[in-house]
$ cat final.pdb   # PDB, C-alpha atoms
ATOM      1  CA  MET A 212      93.535 -12.752  17.217
ATOM      2  CA  LYS A 213      89.765 -12.433  17.132
ATOM      3  CA  THR A 214      89.536 -13.659  20.747
ATOM      4  CA  PHE A 215      91.981 -10.915  21.749
ATOM      5  CA  LEU A 216      89.871  -8.284  19.965
ATOM      6  CA  PHE A 217      86.709  -9.515  21.701
ATOM      7  CA  ILE A 218      88.418  -9.220  25.099
ATOM      8  CA  LEU A 219      89.697  -5.758  24.124
ATOM      9  CA  ALA A 220      86.170  -4.614  23.192
ATOM     10  CA  GLY A 221      85.093  -5.864  26.629
ATOM     11  CA  ILE A 222      87.909  -3.979  28.394
ATOM     12  CA  ILE A 223      87.098  -0.666  26.682
ATOM     13  CA  SER A 224      83.396  -0.854  27.524
ATOM     14  CA  GLY A 225      84.214  -2.180  31.020
ATOM     15  CA  ILE A 226      86.331   0.901  31.757
ATOM     16  CA  LEU A 227      83.489   3.189  30.637
ATOM     17  CA  GLY A 228      80.938   1.093  32.535
ATOM     18  CA  GLY A 229      83.017   1.161  35.721
ATOM     19  CA  MET A 230      83.172   4.932  35.444
ATOM     20  CA  GLY A 231      79.365   4.960  35.341
ATOM     21  CA  MET A 232      79.263   6.252  31.777
ATOM     22  CA  GLY A 233      77.152   3.505  30.266
ATOM     23  CA  GLY A 234      79.809   1.301  28.689
ATOM     24  CA  GLY A 235      77.183  -1.140  27.506
ATOM     25  CA  THR A 236      75.699   1.355  25.101
ATOM     26  CA  LEU A 237      79.016   1.249  23.207
ATOM     27  CA  LEU A 238      79.735  -2.474  23.560
ATOM     28  CA  ILE A 239      76.659  -3.383  21.503
ATOM     29  CA  PRO A 240      77.503  -1.226  18.413
ATOM     30  CA  MET A 241      81.180  -2.320  18.677
ATOM     31  CA  LEU A 242      80.061  -5.957  18.435
ATOM     32  CA  THR A 243      77.557  -5.397  15.628
ATOM     33  CA  ILE A 244      79.627  -2.978  13.488
ATOM     34  CA  PHE A 245      83.147  -4.457  13.800
ATOM     35  CA  PHE A 246      82.411  -8.127  14.456
ATOM     36  CA  THR A 247      79.046  -8.451  12.651
ATOM     37  CA  VAL A 248      77.468 -10.081  15.719
ATOM     38  CA  PRO A 249      73.634 -10.153  15.312
ATOM     39  CA  GLN A 250      71.919  -7.329  17.248
ATOM     40  CA  ASN A 251      69.944  -9.591  19.630
ATOM     41  CA  ILE A 252      73.046 -11.681  20.484
ATOM     42  CA  ALA A 253      75.070  -8.485  21.121
ATOM     43  CA  GLN A 254      72.341  -7.318  23.518
ATOM     44  CA  SER A 255      72.325 -10.680  25.281
ATOM     45  CA  ILE A 256      76.152 -10.582  25.662
ATOM     46  CA  ASN A 257      75.947  -7.076  27.122
ATOM     47  CA  LEU A 258      73.262  -8.044  29.653
ATOM     48  CA  VAL A 259      75.166 -11.092  30.907
ATOM     49  CA  ALA A 260      78.637  -9.471  30.870
ATOM     50  CA  PHE A 261      77.518  -6.545  33.015
ATOM     51  CA  ILE A 262      76.047  -8.711  35.816
ATOM     52  CA  PRO A 263      79.399  -9.648  37.477
ATOM     53  CA  MET A 264      80.773  -6.144  36.897
ATOM     54  CA  SER A 265      77.828  -4.422  38.563
ATOM     55  CA  ILE A 266      77.984  -6.857  41.512
ATOM     56  CA  VAL A 267      81.664  -5.971  42.115
ATOM     57  CA  VAL A 268      81.063  -2.230  41.674
ATOM     58  CA  THR A 269      77.996  -2.348  43.979
ATOM     59  CA  ILE A 270      79.955  -4.085  46.763
ATOM     60  CA  ILE A 271      82.561  -1.292  46.523
ATOM     61  CA  ASN A 272      79.784   1.341  46.558
ATOM     62  CA  ILE A 273      77.985  -0.198  49.584
ATOM     63  CA  LYS A 274      81.259  -0.001  51.534
ATOM     64  CA  GLY A 275      81.648   3.612  50.413
ATOM     65  CA  LYS A 276      78.050   4.427  51.554
ATOM     66  CA  MET A 277      77.289   5.699  48.047
ATOM     67  CA  ILE A 278      73.859   4.108  47.630
ATOM     68  CA  GLU A 279      70.621   5.986  48.293
ATOM     69  CA  LYS A 280      68.128   3.414  49.647
ATOM     70  CA  LYS A 281      65.103   5.761  49.788
ATOM     71  CA  GLY A 282      63.202   5.017  46.559
ATOM     72  CA  LEU A 283      65.074   1.875  45.554
ATOM     73  CA  LEU A 284      62.252  -0.708  45.730
ATOM     74  CA  LYS A 285      59.692   1.717  44.284
ATOM     75  CA  MET A 286      61.870   1.862  41.163
ATOM     76  CA  ILE A 287      63.086  -1.754  40.980
ATOM     77  CA  ILE A 288      59.688  -3.520  41.241
ATOM     78  CA  PRO A 289      57.951  -1.724  38.323
ATOM     79  CA  ALA A 290      61.248  -1.856  36.390
ATOM     80  CA  ILE A 291      61.381  -5.651  36.589
ATOM     81  CA  PHE A 292      57.864  -5.762  35.113
ATOM     82  CA  THR A 293      58.759  -3.672  32.011
ATOM     83  CA  ALA A 294      62.174  -5.382  31.707
ATOM     84  CA  VAL A 295      60.535  -8.807  31.272
ATOM     85  CA  LEU A 296      57.888  -7.483  28.850
ATOM     86  CA  ALA A 297      60.510  -5.674  26.733
ATOM     87  CA  SER A 298      62.791  -8.719  26.718
ATOM     88  CA  LEU A 299      59.909 -10.901  25.529
ATOM     89  CA  ALA A 300      59.268  -8.361  22.759
ATOM     90  CA  VAL A 301      62.917  -8.700  21.638
ATOM     91  CA  GLY A 302      62.319 -12.390  20.931
ATOM     92  CA  ARG A 303      59.494 -11.401  18.572
ATOM     93  CA  THR A 304      61.265  -8.531  16.778
ATOM     94  CA  LYS A 305      63.377  -8.765  13.614
ATOM     95  CA  ASN A 306      67.069  -7.979  14.126
ATOM     96  CA  ALA A 307      67.018  -5.316  11.405
ATOM     97  CA  VAL A 308      64.220  -3.429  13.205
ATOM     98  CA  LEU A 309      65.952  -3.853  16.564
ATOM     99  CA  GLN A 310      69.241  -2.553  15.162
ATOM    100  CA  LYS A 311      67.769   0.525  13.435
ATOM    101  CA  SER A 312      65.834   1.474  16.575
ATOM    102  CA  TYR A 313      69.082   1.063  18.518
ATOM    103  CA  GLY A 314      70.750   3.496  16.097
ATOM    104  CA  VAL A 315      68.039   6.084  16.803
ATOM    105  CA  PHE A 316      68.385   5.426  20.546
ATOM    106  CA  LEU A 317      72.172   6.077  20.355
ATOM    107  CA  ILE A 318      71.773   9.351  18.434
ATOM    108  CA  VAL A 319      69.013  10.724  20.700
ATOM    109  CA  THR A 320      70.874   9.713  23.880
ATOM    110  CA  GLY A 321      74.228  11.038  22.587
ATOM    111  CA  VAL A 322      72.799  14.443  21.606
ATOM    112  CA  PHE A 323      70.888  14.703  24.910
ATOM    113  CA  PHE A 324      74.023  14.038  26.953
ATOM    114  CA  ILE A 325      76.223  16.392  24.892
ATOM    115  CA  ALA A 326      73.672  19.126  25.724
ATOM    116  CA  LEU A 327      73.563  18.121  29.410
ATOM    117  CA  THR A 328      77.388  18.078  29.692
ATOM    118  CA  THR A 329      77.564  21.529  28.078
ATOM    119  CA  ILE A 330      74.946  22.965  30.481
ATOM    120  CA  LYS A 331      76.914  21.550  33.441
ATOM    121  CA  LEU A 332      80.166  23.037  32.089
ATOM    122  CA  VAL A 333      78.635  26.499  31.631
ATOM    123  CA  LYS A 334      77.167  26.428  35.159
ATOM    124  CA  LYS A 335      80.535  25.392  36.623
ATOM    125  CA  ARG A 336      82.359  28.221  34.771
ATOM    126  CA  LYS A 337      79.768  30.722  36.051
ATOM    127  CA  ALA A 338      80.180  29.521  39.635
ATOM    128  CA  GLU A 339      83.967  29.801  39.323
ATOM    129  CA  LYS A 340      83.697  33.388  38.049
ATOM    130  CA  GLU A 341      81.388  34.318  40.936
ATOM    131  CA  ASN A 342      83.934  32.916  43.361
ATOM    132  CA  GLU A 343      86.727  35.013  41.832
ATOM    133  CA  LYS A 344      84.724  38.173  42.557
TER     134      LYS A 344
ATOM    135  CA  MET B 168      57.433  17.427  46.697
ATOM    136  CA  SER B 169      54.506  15.488  48.203
ATOM    137  CA  LYS B 170      55.002  11.881  49.212
ATOM    138  CA  LYS B 171      52.466  10.704  46.625
ATOM    139  CA  LYS B 172      54.089  12.632  43.754
ATOM    140  CA  GLU B 173      57.487  11.304  44.808
ATOM    141  CA  THR B 174      56.238   7.689  44.702
ATOM    142  CA  ILE B 175      54.694   8.206  41.241
ATOM    143  CA  LEU B 176      57.961   9.667  39.909
ATOM    144  CA  TYR B 177      59.959   6.737  41.318
ATOM    145  CA  ILE B 178      57.574   4.270  39.627
ATOM    146  CA  ILE B 179      57.835   6.124  36.275
ATOM    147  CA  ILE B 180      61.666   6.141  36.469
ATOM    148  CA  GLY B 181      61.529   2.389  37.139
ATOM    149  CA  LEU B 182      59.155   1.670  34.244
ATOM    150  CA  VAL B 183      61.373   3.630  31.798
ATOM    151  CA  ALA B 184      64.602   2.012  33.045
ATOM    152  CA  GLY B 185      63.163  -1.512  32.746
ATOM    153  CA  PHE B 186      61.823  -0.924  29.248
ATOM    154  CA  VAL B 187      65.015   0.686  27.844
ATOM    155  CA  ASN B 188      67.283  -1.898  29.457
ATOM    156  CA  GLY B 189      65.165  -4.807  28.220
ATOM    157  CA  ILE B 190      64.419  -3.712  24.662
ATOM    158  CA  TRP B 191      67.977  -2.543  23.842
ATOM    159  CA  GLY B 192      69.878  -4.917  26.133
ATOM    160  CA  GLY B 193      71.403  -2.135  28.222
ATOM    161  CA  GLY B 194      71.518   1.608  28.602
ATOM    162  CA  GLY B 195      68.799   1.756  31.269
ATOM    163  CA  GLY B 196      71.256   3.212  33.756
ATOM    164  CA  ILE B 197      72.267   6.044  31.499
ATOM    165  CA  PHE B 198      68.698   7.417  31.756
ATOM    166  CA  VAL B 199      68.268   6.739  35.467
ATOM    167  CA  VAL B 200      71.234   8.967  36.456
ATOM    168  CA  PRO B 201      69.967  12.333  35.090
ATOM    169  CA  LEU B 202      66.400  11.546  36.254
ATOM    170  CA  LEU B 203      67.639  10.892  39.808
ATOM    171  CA  VAL B 204      69.823  14.016  39.765
ATOM    172  CA  TYR B 205      67.342  16.512  38.280
ATOM    173  CA  LEU B 206      63.968  15.154  39.430
ATOM    174  CA  MET B 207      64.832  13.538  42.763
ATOM    175  CA  LYS B 208      67.768  15.853  43.644
ATOM    176  CA  TYR B 209      70.245  13.014  44.281
ATOM    177  CA  GLU B 210      73.905  13.903  44.617
ATOM    178  CA  GLU B 211      75.593  13.086  41.259
ATOM    179  CA  ARG B 212      78.022  10.391  42.506
ATOM    180  CA  LYS B 213      75.281   8.719  44.562
ATOM    181  CA  ALA B 214      72.986   8.749  41.524
ATOM    182  CA  HIS B 215      75.612   6.806  39.526
ATOM    183  CA  ALA B 216      76.079   4.241  42.310
ATOM    184  CA  THR B 217      72.316   3.873  42.869
ATOM    185  CA  ALA B 218      71.614   3.494  39.128
ATOM    186  CA  ILE B 219      73.910   0.443  39.041
ATOM    187  CA  VAL B 220      71.928  -1.160  41.910
ATOM    188  CA  ILE B 221      68.678  -0.606  39.975
ATOM    189  CA  ILE B 222      70.106  -1.995  36.722
ATOM    190  CA  LEU B 223      71.602  -5.134  38.264
ATOM    191  CA  PRO B 224      68.289  -7.012  38.885
ATOM    192  CA  LEU B 225      67.024  -5.778  35.492
ATOM    193  CA  CYS B 226      70.061  -7.251  33.712
ATOM    194  CA  ILE B 227      69.476 -10.529  35.567
ATOM    195  CA  VAL B 228      65.767 -10.872  34.663
ATOM    196  CA  SER B 229      66.335  -9.661  31.087
ATOM    197  CA  ALA B 230      69.315 -12.003  30.586
ATOM    198  CA  ILE B 231      67.183 -14.944  31.812
ATOM    199  CA  THR B 232      64.310 -13.951  29.494
ATOM    200  CA  TYR B 233      66.720 -13.642  26.515
ATOM    201  CA  ILE B 234      68.383 -16.997  27.247
ATOM    202  CA  LEU B 235      65.010 -18.776  27.643
ATOM    203  CA  GLN B 236      64.112 -17.532  24.150
ATOM    204  CA  GLY B 237      67.361 -18.972  22.762
ATOM    205  CA  ILE B 238      69.090 -15.596  22.338
ATOM    206  CA  TYR B 239      72.636 -16.296  23.568
ATOM    207  CA  ASN B 240      76.202 -17.141  22.539
ATOM    208  CA  PHE B 241      78.087 -18.384  25.602
ATOM    209  CA  PRO B 242      81.679 -18.662  24.210
ATOM    210  CA  LEU B 243      81.501 -15.071  22.972
ATOM    211  CA  THR B 244      79.894 -13.871  26.218
ATOM    212  CA  ILE B 245      82.768 -15.331  28.270
ATOM    213  CA  LYS B 246      85.446 -13.627  26.137
ATOM    214  CA  VAL B 247      83.758 -10.235  26.203
ATOM    215  CA  GLY B 248      82.715 -10.667  29.865
ATOM    216  CA  LEU B 249      86.323 -11.215  31.007
ATOM    217  CA  GLY B 250      87.266  -7.920  29.379
ATOM    218  CA  VAL B 251      84.295  -6.103  30.885
ATOM    219  CA  VAL B 252      85.079  -7.199  34.452
ATOM    220  CA  GLY B 253      88.787  -6.307  34.106
ATOM    221  CA  GLY B 254      87.987  -2.982  32.482
ATOM    222  CA  GLY B 255      85.302  -2.250  35.072
ATOM    223  CA  ILE B 256      87.801  -2.426  37.940
ATOM    224  CA  VAL B 257      90.164  -0.069  36.052
ATOM    225  CA  GLY B 258      87.242   2.284  35.362
ATOM    226  CA  ALA B 259      86.205   2.402  39.040
ATOM    227  CA  PHE B 260      89.725   3.616  39.941
ATOM    228  CA  LEU B 261      89.951   6.063  37.019
ATOM    229  CA  LEU B 262      86.647   7.648  38.100
ATOM    230  CA  LYS B 263      88.375   9.114  41.147
ATOM    231  CA  LYS B 264      91.361  10.489  39.212
ATOM    232  CA  LEU B 265      90.153  11.848  35.898
ATOM    233  CA  SER B 266      88.171  14.949  35.111
ATOM    234  CA  ASN B 267      85.620  13.434  32.807
ATOM    235  CA  THR B 268      84.271  16.437  30.866
ATOM    236  CA  VAL B 269      86.566  15.830  27.872
ATOM    237  CA  LEU B 270      85.918  12.101  28.114
ATOM    238  CA  SER B 271      82.148  12.736  28.195
ATOM    239  CA  TYR B 272      82.305  14.743  24.975
ATOM    240  CA  ILE B 273      84.368  12.054  23.235
ATOM    241  CA  PHE B 274      82.115   9.263  24.510
ATOM    242  CA  TYR B 275      78.815  10.884  23.506
ATOM    243  CA  THR B 276      80.180  11.973  20.113
ATOM    244  CA  VAL B 277      81.243   8.372  19.433
ATOM    245  CA  MET B 278      77.737   7.315  20.469
ATOM    246  CA  VAL B 279      76.097   9.651  17.897
ATOM    247  CA  ALA B 280      78.604   8.510  15.235
ATOM    248  CA  ALA B 281      77.853   4.833  15.976
ATOM    249  CA  GLY B 282      74.120   5.576  15.738
ATOM    250  CA  LEU B 283      74.537   7.264  12.358
ATOM    251  CA  ARG B 284      76.719   4.395  11.121
ATOM    252  CA  ILE B 285      73.997   1.892  12.103
ATOM    253  CA  LEU B 286      71.263   3.879  10.363
ATOM    254  CA  LEU B 287      73.370   4.161   7.191
ATOM    255  CA  MET B 288      74.367   0.473   7.138
TER     256      MET B 288
END
$ encode --input "final.pdb" --output "structure tokens"
Amino acid sequence: MKTFLFILAGIISGILGGMGMGGGTLLIPMLTIFFTVPQNIAQSINLVAFIPMSIVVTIINIKGKMIEKKGLLKMIIPAIFTAVLASLAVGRTKNAVLQKSYGVFLIVTGVFFIALTTIKLVKKRKAEKENEK
Amino acid sequence: MSKKKETILYIIIGLVAGFVNGIWGGGGGIFVVPLLVYLMKYEERKAHATAIVIILPLCIVSAITYILQGIYNFPLTIKVGLGVVGGGIVGAFLLKKLSNTVLSYIFYTVMVAAGLRILLM
């Protein structure tokens, strides 16, 4: 039963991830809140689980000519540097601290994106009204 | 935008994405998309696709760094990972068919609720 629920949690976040909505950000709290998985292990699971998914999605996107190559390396090289440093910091941080900071991260990100979605919606409505005239 | 300013912005986006993705084990992509759209004027769908390409190597190096420090649980990762890959394929198809404004509101509200739940635990 528990195995089934773990797979289900994966499916839900996979669907969101495949839609480019950041499924991983929900997989981690699902694992820690409902299955009491330690925060650092939940993060590790998320990192590994999204590698095969992003490979598949990227192959589809390359075929669809959806990828902008322009600034790619300028972003990836410095990103790898901070990714390693931050990951090393995780090994030296208490789970309780990690989890609380993750809670703050979720709230700030959620509120930011609710605002952004609303701005987009208002702009779209305005454009539609202009077109009607 | 001058070439120099453009390069600096790209580097800053990269530094932020790497840090967020490493420290919280994901979520780097969610920040890259709006930065690419509003700062670099990428088309929205291309920004999503490009963000995944940026996050992929970050997930690989972070996963290796986590595992080397003993932070892993392989049996659990396989179970969840199977679901993620299956769900991901479904999600890629749904992306073309659904209007995702309602879904966005639900998703981000759940995110805030999960954050509050964690802080109150």
$ interface_residues --input "final.pdb" --of "chain B" --to "chain A" --cutoff "6 Å" --atoms "only C-alpha atoms" --output "ChimeraX atom specification"
/B:177-178,181-182,185-186,189-190,192-194,197,213,215-217,221,225-226,229-230,238-239,244,246-248,250-252,254-255,257-259,262,275,278-279,282,285-286
$ axis_aligned_box --input "final.pdb" --around "segment 298-313 of chain A" --padding-each-side "5 Å" --output "AutoDock Vina command-line options"
--center_x 64.3 --center_y -5.5 --center_z 19.1 --size_x 20.0 --size_y 23.9 --size_z 25.3
$ atom_distance --input "final.pdb" --atom1 "atom CA of Val220 of chain B" --atom2 "atom CA of Gly196 of chain B"
9.3 Å
$ build_atoms --input "final.pdb" --residues "segment 205-220 of chain B" --atoms "N, CA and C atoms" --output "tab-separated table (two decimals), keeping the file's coordinate frame"
chain	number	residue	atom	x	y	z
B	205	TYR	N	68.14	15.31	38.52
B	205	TYR	CA	67.34	16.51	38.28
B	205	TYR	C	65.93	16.44	38.86
B	206	LEU	N	65.32	15.26	38.87
B	206	LEU	CA	63.97	15.15	39.43
B	206	LEU	C	63.99	14.90	40.93
B	207	MET	N	64.86	13.95	41.36
B	207	MET	CA	64.83	13.54	42.76
B	207	MET	C	65.92	14.21	43.60
B	208	LYS	N	66.73	15.07	42.95
B	208	LYS	CA	67.77	15.85	43.64
B	208	LYS	C	68.83	14.99	44.35
B	209	TYR	N	69.17	13.85	43.73
B	209	TYR	CA	70.24	13.01	44.28
B	209	TYR	C	71.58	13.70	43.98
B	210	GLU	N	72.54	13.47	44.86
B	210	GLU	CA	73.90	13.90	44.62
B	210	GLU	C	74.43	13.08	43.43
B	211	GLU	N	75.18	13.73	42.52
B	211	GLU	CA	75.59	13.09	41.26
B	211	GLU	C	76.28	11.72	41.44
B	212	ARG	N	77.28	11.66	42.33
B	212	ARG	CA	78.02	10.39	42.51
B	212	ARG	C	77.12	9.30	43.07
B	213	LYS	N	76.22	9.70	43.99
B	213	LYS	CA	75.28	8.72	44.56
B	213	LYS	C	74.29	8.24	43.50
B	214	ALA	N	73.91	9.13	42.59
B	214	ALA	CA	72.99	8.75	41.52
B	214	ALA	C	73.60	7.67	40.63
B	215	HIS	N	74.91	7.82	40.33
B	215	HIS	CA	75.61	6.81	39.53
B	215	HIS	C	75.62	5.45	40.25
B	216	ALA	N	75.99	5.48	41.52
B	216	ALA	CA	76.08	4.24	42.31
B	216	ALA	C	74.71	3.59	42.45
B	217	THR	N	73.67	4.40	42.68
B	217	THR	CA	72.32	3.87	42.87
B	217	THR	C	71.77	3.31	41.55
B	218	ALA	N	72.08	3.97	40.43
B	218	ALA	CA	71.61	3.49	39.13
B	218	ALA	C	72.11	2.07	38.87
B	219	ILE	N	73.36	1.79	39.26
B	219	ILE	CA	73.91	0.44	39.04
B	219	ILE	C	73.13	-0.60	39.85
B	220	VAL	N	72.71	-0.23	41.07
B	220	VAL	CA	71.93	-1.16	41.91
B	220	VAL	C	70.57	-1.44	41.26
